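Chemist: My structure is below; once you've seen it, I'll send some questions.
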Amino acid sequence: MRVSIEERTLRFRTPLQTSYGALEERTVFAFEIEGADGVPGRGEAAPLEPYDGVSPSRARIALDAYRLVLEDADALQGGELLDACRAADDLPQALAAVDMALWDRAGRRAGRPVAELLTEPVLEAVPVNATIGAQDRAGAAASAEAAQQAGFRCVKLKVGIGDDAGRVAAVRAALGSHGELRLDANGAWGVEEAVATIEALAPAGLEFVEEPVHGLHALRKVRERVAVRIAMDESAAQPGALASGAADAVCLKLARCGGISGLLASAALVRASGAEPYVASTFDGPLGIAAALHAAAALRIEAACGLATLELFDDDVDARGLAVRGGRIGVPRGPGLL
């Protein structure tokens with residue numbers, strides 16, 4: 001099997017402010033395989049060190065190990081290939097690239113979109129949220145108004161970065177009473193601060209607060225004490241988190257789950273716990289977004305997903321076919337992922 005790996009730098013239009021710092025660019029790896037039949041499959045590894053602790057160099061080590069496995073694995077098929085790569089280096093952010101490439105190749109061979117290989121019927125389009133970073137009140141309100149005019153029914157506002165009350169109030173005023181507003185603290189608060197802040201912000205009408213604190217124990221404590229729904233993101237990487245019932249909703253990401261296959265299995269655990277799964281990107285490139293759309297469509301997720309992130313990058317990122325229309329992104333209809 002032929003394998004190629006290409007490192008790419010994606011640059012943000014403007015620095016993205018989060019509680020873990022400003023992001024100006026990010027590195028992804030394009031990963032392509034091609035079998036003896038000449039049918040290619042493409043995937044993407046998207047580690048984000050400030051978020052998941054995985055550096056580009058660490059991901060590259062794993063991808064190079066997978067290259068050695070795959071180039072000498074013509075007798076293996078599908079899941080066997082993925083298992084062989086996992087045995088060589090068990091790094092979900094890199095395994096995601098292999099998993100995506102295998103699904104892409106399977107779709108191309110079958111002449112069908114990946115979502116249709118997973119289940120039927122599938123969603124034709126996935127609802128997505130707009131994301132507002134560390135802008136002042138006026139800037140946050142303007143972004144919320146623009147999102148609403150573009151058809152988004154849900155806005156996610158980054159909090160834990162200053163003037164949260166003023167910015168939340170400004171965004172709610174811009175959205176009116178009907179738009180969904182969720183907050184994302186990226187674990188910026190301790191338990192007591194989270195409870196006090198959420199109670200103060202609750203009158204604005206919140207869909208949920210994502211990752212107000214880090215850790216399952218802390219999430220449970222906050223959830224027990226506030227009326228607002230609590231969602232889990234970064235803490236979902238902890239052992240036993242997905243089936244813990246520590247949150248009302250759980251954010252699933254391809255990189256953290258190890259690809260489409262892992263994300264589907266993770267969603268099953270989340271639903272079995274009584275929580276609601278939704279899908280988001282770690283500022284992935286087009287292939288990662290496409291793969292996440294196929295997974296969300298197969299899971300028939302109706303909650304807004306955090307996949308409208310390609311517009312945050314410079315124009316040299318090819319987002320054709322993945323545009324947001326009316327607050328939704330259409331699931332690609334061609335063979336494979338895109």
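If you're wondering about the labels, chains in the structure tokens are A, B, ... by order shown, residues count from 1 in each chain, ligands from 1 in order shown.
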Give me the residues within 8 Å of Val69 (chain A) as a VMD selection string, counting only C-alpha atoms and dropping any in the same chain fewer than 2 places off.

Modeler: chain A and resid 65 to 67 71 to 73 84 to 85 88

Chemist: Restrict the selected residues to C-alpha atoms and save them as an mmCIF file, in the first residue's frame.

Modeler:
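Saved the output as result_18.cif:
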data_model
loop_
_atom_site.group_PDB
_atom_site.id
_atom_site.type_symbol
_atom_site.label_atom_id
_atom_site.label_comp_id
_atom_site.auth_asym_id
_atom_site.auth_seq_id
_atom_site.Cartn_x
_atom_site.Cartn_y
_atom_site.Cartn_z
ATOM 1 C CA ALA A 65 5.096 4.473 12.310
ATOM 2 C CA TYR A 66 1.770 3.875 10.558
ATOM 3 C CA ARG A 67 3.428 4.352 7.190
ATOM 4 C CA GLU A 71 3.306 -0.157 3.329
ATOM 5 C CA ASP A 72 3.784 -3.801 4.303
ATOM 6 C CA ALA A 73 0.160 -4.722 5.010
ATOM 7 C CA ALA A 84 -2.089 -2.926 13.340
ATOM 8 C CA CYS A 85 -1.480 0.839 13.384
ATOM 9 C CA ALA A 88 2.451 0.370 16.547
#

Chemist: Any idea what's packed within 9 Å of region 229-236 of chain A, counting only C-alpha atoms, ignoring anything in its chain fewer than 2 positions away? Could you give it as a PDB file with C-alpha atoms, in the first residue's frame?

Modeler:
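Contents of the output file result-v1.pdb:
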ATOM      1  CA  TYR A  51      -6.055  21.858  23.706  1.00  0.00           C
ATOM      2  CA  ASP A  52      -5.096  18.162  23.791  1.00  0.00           C
ATOM      3  CA  ASP A 184     -17.735  27.615  26.505  1.00  0.00           C
ATOM      4  CA  ASN A 186     -12.676  25.661  28.366  1.00  0.00           C
ATOM      5  CA  GLY A 187     -12.320  24.740  32.044  1.00  0.00           C
ATOM      6  CA  LEU A 206     -28.485  29.477  28.203  1.00  0.00           C
ATOM      7  CA  GLU A 207     -28.751  26.234  26.242  1.00  0.00           C
ATOM      8  CA  PHE A 208     -25.810  24.883  28.239  1.00  0.00           C
ATOM      9  CA  VAL A 209     -22.355  25.770  29.547  1.00  0.00           C
ATOM     10  CA  GLU A 210     -19.545  23.704  28.053  1.00  0.00           C
ATOM     11  CA  GLU A 211     -16.604  22.599  30.219  1.00  0.00           C
ATOM     12  CA  PRO A 212     -17.059  25.168  33.007  1.00  0.00           C
ATOM     13  CA  VAL A 213     -14.473  23.212  35.040  1.00  0.00           C
ATOM     14  CA  HIS A 214     -12.030  20.413  34.267  1.00  0.00           C
ATOM     15  CA  GLY A 215     -12.506  16.884  35.570  1.00  0.00           C
ATOM     16  CA  LEU A 216     -15.439  14.540  36.150  1.00  0.00           C
ATOM     17  CA  LEU A 219     -18.274  18.698  36.614  1.00  0.00           C
ATOM     18  CA  VAL A 222     -21.234  22.034  39.328  1.00  0.00           C
ATOM     19  CA  ARG A 223     -24.053  20.126  37.645  1.00  0.00           C
ATOM     20  CA  VAL A 226     -26.958  24.815  38.941  1.00  0.00           C
ATOM     21  CA  ALA A 227     -30.155  24.662  36.900  1.00  0.00           C
ATOM     22  CA  GLN A 238     -10.583  11.043  30.945  1.00  0.00           C
ATOM     23  CA  PRO A 239     -11.032   7.297  31.491  1.00  0.00           C
ATOM     24  CA  GLY A 240     -14.685   6.399  31.969  1.00  0.00           C
ATOM     25  CA  ALA A 241     -15.898   9.900  31.114  1.00  0.00           C
ATOM     26  CA  LEU A 242     -18.183   9.027  28.216  1.00  0.00           C
ATOM     27  CA  ALA A 246     -21.301  13.620  34.739  1.00  0.00           C
ATOM     28  CA  ALA A 247     -22.775  16.022  32.193  1.00  0.00           C
ATOM     29  CA  ASP A 248     -26.027  16.553  30.317  1.00  0.00           C
ATOM     30  CA  ALA A 249     -24.272  16.706  26.935  1.00  0.00           C
ATOM     31  CA  VAL A 250     -20.891  15.525  25.660  1.00  0.00           C
ATOM     32  CA  CYS A 251     -18.837  17.101  22.881  1.00  0.00           C
ATOM     33  CA  LEU A 252     -17.225  14.469  20.649  1.00  0.00           C
ATOM     34  CA  LYS A 253     -14.265  15.248  18.417  1.00  0.00           C
ATOM     35  CA  ARG A 256      -9.842  12.695  20.380  1.00  0.00           C
ATOM     36  CA  GLU A 276     -26.734  13.949  24.540  1.00  0.00           C
TER      37      GLU A 276
END

Chemist: For a quick check of understanding, using only C-alpha atoms, which of A:Leu201, A:Leu123, A:Leu81, A:Met100 has the smallest distance to Leu263 (chain A)?

Modeler: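 Closest candidate: A:Met100.
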
Chemist: Enumerate as a PyMOL selection string all residues of region 225-297 of chain A assigned to alpha helix (DSSP H) by DSSP on the backbone, naming them with the chain letters and numbers the document uses.

Modeler: chain A and resi 225+254-257+260-272+286-297

Chemist: Return as CSV the residues of region 146-206 of chain A lying at most 12 Å from region 291-304 of chain A, together with the closest atom-to-atom pair for each and the distance in Å to one decimal, counting only C-alpha atoms, with rows in chain order and ascending residue number.

Modeler:
residue,atom,partner,partner_atom,distance
A:Phe152,CA,A:Ala304,CA,9.2
A:Arg153,CA,A:Ala304,CA,8.3
A:Cys154,CA,A:Ala304,CA,6.7
A:Val155,CA,A:Ala304,CA,9.0
A:Lys156,CA,A:Ala304,CA,9.8
A:Gly179,CA,A:Ala304,CA,11.8
A:Glu180,CA,A:Ala304,CA,9.4
A:Leu181,CA,A:Ala304,CA,10.8
A:Arg182,CA,A:Ala304,CA,10.2

Chemist: At a cut-off of 8 Å, using only C-alpha atoms, what residues contact Leu310 (chain A)? Leave out same-chain residues fewer than 4 positions from it and give the result as a PyMOL selection string.

Modeler: chain A and resi 283-286+317+319

Chemist: Write the residues you've just listed into a file as a PDB file, in the first residue's frame, and include N, CA and C atoms for each of them.

Modeler:
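Result file is out-v4.pdb:
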ATOM      1  N   PHE A 283     -10.711  22.785  15.259  1.00  0.00           N
ATOM      2  CA  PHE A 283     -10.240  23.647  14.172  1.00  0.00           C
ATOM      3  C   PHE A 283      -9.545  22.801  13.104  1.00  0.00           C
ATOM      4  N   ASP A 284     -10.274  21.761  12.670  1.00  0.00           N
ATOM      5  CA  ASP A 284      -9.757  20.835  11.670  1.00  0.00           C
ATOM      6  C   ASP A 284      -9.751  21.470  10.286  1.00  0.00           C
ATOM      7  N   GLY A 285      -9.050  20.822   9.368  1.00  0.00           N
ATOM      8  CA  GLY A 285      -9.090  21.214   7.970  1.00  0.00           C
ATOM      9  C   GLY A 285     -10.322  20.640   7.292  1.00  0.00           C
ATOM     10  N   PRO A 286     -10.462  20.859   5.974  1.00  0.00           N
ATOM     11  CA  PRO A 286     -11.660  20.410   5.254  1.00  0.00           C
ATOM     12  C   PRO A 286     -11.947  18.922   5.370  1.00  0.00           C
ATOM     13  N   VAL A 317      -7.440  28.080   2.588  1.00  0.00           N
ATOM     14  CA  VAL A 317      -8.029  26.816   3.023  1.00  0.00           C
ATOM     15  C   VAL A 317      -9.257  26.547   2.155  1.00  0.00           C
ATOM     16  N   ALA A 319     -12.540  25.387   1.292  1.00  0.00           N
ATOM     17  CA  ALA A 319     -13.754  24.958   1.990  1.00  0.00           C
ATOM     18  C   ALA A 319     -14.907  24.739   1.022  1.00  0.00           C
TER      19      ALA A 319
END

Chemist: Using DSSP on the backbone coordinates, identify all residues within region 101-197 of chain A classified as strand (DSSP E or B); present the result as a PyMOL selection string.

Modeler: chain A and resi 113+125-128+130-132+154-158+180-184

Chemist: Please provide the set of residues having any atom within 10 Å of Ala144 (chain A), restricted to only C-alpha atoms, with same-chain residues fewer than 2 positions apart removed, written as a list in words.

Modeler: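 Listed by chain and then number, they are Ala130, Thr131, Ile132, Ala138, Gly139, Ala140, Ala141, Ala142, Ala146, Ala147, Gln148, Gln149, Ala150, Phe152, Cys154, Val155, Lys156, Leu157, Ala170, Val171, Arg172, Ala173, Ala174, Leu175, Gly179 and Leu181 of chain A.
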
Chemist: Just the selected residues (C-alpha atoms), exported as a PDB file, in the first residue's frame, please.

Modeler:
ATOM      1  CA  ALA A 130     -21.445  30.084  15.165  1.00  0.00           C
ATOM      2  CA  THR A 131     -18.523  30.737  17.530  1.00  0.00           C
ATOM      3  CA  ILE A 132     -17.673  34.113  19.078  1.00  0.00           C
ATOM      4  CA  ALA A 138     -19.876  45.679  20.891  1.00  0.00           C
ATOM      5  CA  GLY A 139     -17.842  43.237  18.816  1.00  0.00           C
ATOM      6  CA  ALA A 140     -19.549  40.205  20.346  1.00  0.00           C
ATOM      7  CA  ALA A 141     -22.987  41.717  19.714  1.00  0.00           C
ATOM      8  CA  ALA A 142     -22.084  42.524  16.108  1.00  0.00           C
ATOM      9  CA  ALA A 146     -24.238  38.718  11.786  1.00  0.00           C
ATOM     10  CA  ALA A 147     -24.580  35.039  12.720  1.00  0.00           C
ATOM     11  CA  GLN A 148     -28.325  35.385  13.126  1.00  0.00           C
ATOM     12  CA  GLN A 149     -28.655  37.147   9.779  1.00  0.00           C
ATOM     13  CA  ALA A 150     -26.636  34.326   8.195  1.00  0.00           C
ATOM     14  CA  PHE A 152     -27.470  30.385  12.543  1.00  0.00           C
ATOM     15  CA  CYS A 154     -27.215  28.755  17.794  1.00  0.00           C
ATOM     16  CA  VAL A 155     -24.238  30.849  18.940  1.00  0.00           C
ATOM     17  CA  LYS A 156     -21.420  29.691  21.215  1.00  0.00           C
ATOM     18  CA  LEU A 157     -19.642  32.406  23.179  1.00  0.00           C
ATOM     19  CA  ALA A 170     -24.777  41.967  24.637  1.00  0.00           C
ATOM     20  CA  VAL A 171     -24.987  38.731  22.670  1.00  0.00           C
ATOM     21  CA  ARG A 172     -28.404  37.838  24.106  1.00  0.00           C
ATOM     22  CA  ALA A 173     -29.705  41.303  23.217  1.00  0.00           C
ATOM     23  CA  ALA A 174     -28.433  40.875  19.656  1.00  0.00           C
ATOM     24  CA  LEU A 175     -29.959  37.394  19.307  1.00  0.00           C
ATOM     25  CA  GLY A 179     -31.708  32.296  19.401  1.00  0.00           C
ATOM     26  CA  LEU A 181     -26.922  30.727  23.334  1.00  0.00           C
TER      27      LEU A 181
END

Chemist: Write out as a PDB file with N, CA and C atoms, in the first residue's frame the residues lying within 10 Å of Leu312 (chain A), counting only C-alpha atoms and excluding same-chain residues fewer than 4 positions away.

Modeler:
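Printed below is result.pdb as written:
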ATOM      1  N   LEU A  10      -2.394  25.884   8.739  1.00  0.00           N
ATOM      2  CA  LEU A  10      -3.621  26.641   8.507  1.00  0.00           C
ATOM      3  C   LEU A  10      -3.560  27.890   9.380  1.00  0.00           C
ATOM      4  N   ARG A  11      -3.718  29.046   8.773  1.00  0.00           N
ATOM      5  CA  ARG A  11      -3.611  30.314   9.497  1.00  0.00           C
ATOM      6  C   ARG A  11      -4.987  30.932   9.714  1.00  0.00           C
ATOM      7  N   PHE A  12      -5.231  31.395  10.929  1.00  0.00           N
ATOM      8  CA  PHE A  12      -6.484  32.049  11.257  1.00  0.00           C
ATOM      9  C   PHE A  12      -6.511  33.457  10.664  1.00  0.00           C
ATOM     10  N   ARG A  13      -7.700  33.881  10.242  1.00  0.00           N
ATOM     11  CA  ARG A  13      -7.844  35.239   9.713  1.00  0.00           C
ATOM     12  C   ARG A  13      -7.416  36.269  10.747  1.00  0.00           C
ATOM     13  N   THR A  14      -7.869  36.076  11.955  1.00  0.00           N
ATOM     14  CA  THR A  14      -7.460  36.901  13.093  1.00  0.00           C
ATOM     15  C   THR A  14      -7.179  35.951  14.253  1.00  0.00           C
ATOM     16  N   PRO A  15      -6.274  36.301  15.157  1.00  0.00           N
ATOM     17  CA  PRO A  15      -5.974  35.406  16.279  1.00  0.00           C
ATOM     18  C   PRO A  15      -7.242  35.045  17.046  1.00  0.00           C
ATOM     19  N   LEU A  16      -7.390  33.770  17.358  1.00  0.00           N
ATOM     20  CA  LEU A  16      -8.563  33.288  18.078  1.00  0.00           C
ATOM     21  C   LEU A  16      -8.220  33.209  19.559  1.00  0.00           C
ATOM     22  N   THR A 131     -19.374  30.582  16.360  1.00  0.00           N
ATOM     23  CA  THR A 131     -18.523  30.737  17.530  1.00  0.00           C
ATOM     24  C   THR A 131     -18.025  32.167  17.626  1.00  0.00           C
ATOM     25  N   PHE A 283     -10.711  22.785  15.259  1.00  0.00           N
ATOM     26  CA  PHE A 283     -10.240  23.647  14.172  1.00  0.00           C
ATOM     27  C   PHE A 283      -9.545  22.801  13.104  1.00  0.00           C
ATOM     28  N   ALA A 308     -18.666  24.726  12.099  1.00  0.00           N
ATOM     29  CA  ALA A 308     -18.598  25.884  11.200  1.00  0.00           C
ATOM     30  C   ALA A 308     -17.323  26.673  11.479  1.00  0.00           C
ATOM     31  N   VAL A 317      -7.440  28.080   2.588  1.00  0.00           N
ATOM     32  CA  VAL A 317      -8.029  26.816   3.023  1.00  0.00           C
ATOM     33  C   VAL A 317      -9.257  26.547   2.155  1.00  0.00           C
TER      34      VAL A 317
END

Chemist: How many Å lie between CA of Arg2 (chain A) and CA of Ala46 (chain A), rounded to one decimal?

Modeler: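 One can read the CA of Arg2 (chain A) to CA of Ala46 (chain A) distance as 21.2 Å.
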
Chemist: I'd like to know which of A:Val228, A:Val168, A:Thr197, A:Val128 is closest to Ala280 (chain A), using only C-alpha atoms.

Modeler: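 That would be A:Val128, the residue with the smallest distance to Ala280 (chain A).
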
Chemist: Do you know which residues are at most 12 Å from Leu82 (chain A) counting only C-alpha atoms, after dropping those on the same chain fewer than 2 positions away, and could you put them as a PyMOL selection string?

Modeler: chain A and resi 66-67+69-70+73+76-80+84-92+94-103+258-262

Chemist: With C-alpha atoms retained, write the just-selected residues as a compact mmCIF listing (two decimals), in the first residue's frame.

Modeler:
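The result, stored in again.txt:
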# COMPACT_ATOMS: atom_id res chain seq x y z
CA TYR A 66 1.77 3.88 10.56
CA ARG A 67 3.43 4.35 7.19
CA VAL A 69 2.85 -0.73 8.97
CA LEU A 70 0.64 0.10 6.00
CA ALA A 73 0.16 -4.72 5.01
CA LEU A 76 -4.82 -6.88 5.91
CA GLN A 77 -8.25 -5.28 5.50
CA GLY A 78 -10.24 -2.48 7.15
CA GLY A 79 -10.26 -2.88 10.90
CA GLU A 80 -7.21 -5.12 10.80
CA ALA A 84 -2.09 -2.93 13.34
CA CYS A 85 -1.48 0.84 13.38
CA ARG A 86 -2.82 1.11 16.94
CA ALA A 87 -0.43 -1.62 18.03
CA ALA A 88 2.45 0.37 16.55
CA ASP A 89 1.51 3.65 18.27
CA ASP A 90 -1.79 4.22 20.08
CA LEU A 91 -2.28 7.95 19.47
CA PRO A 92 -5.93 8.85 18.71
CA ALA A 94 -2.96 10.29 14.47
CA LEU A 95 -5.11 7.15 14.24
CA ALA A 96 -7.96 9.42 13.15
CA ALA A 97 -6.10 10.07 9.89
CA VAL A 98 -5.84 6.34 9.14
CA ASP A 99 -9.47 5.69 10.06
CA MET A 100 -10.68 8.56 7.85
CA ALA A 101 -8.54 7.38 4.94
CA LEU A 102 -9.92 3.85 5.22
CA TRP A 103 -13.53 5.14 5.23
CA GLY A 258 -9.47 8.35 16.88
CA GLY A 259 -11.62 8.93 13.79
CA ILE A 260 -15.12 8.16 12.58
CA SER A 261 -15.23 4.62 13.99
CA GLY A 262 -14.21 5.76 17.46
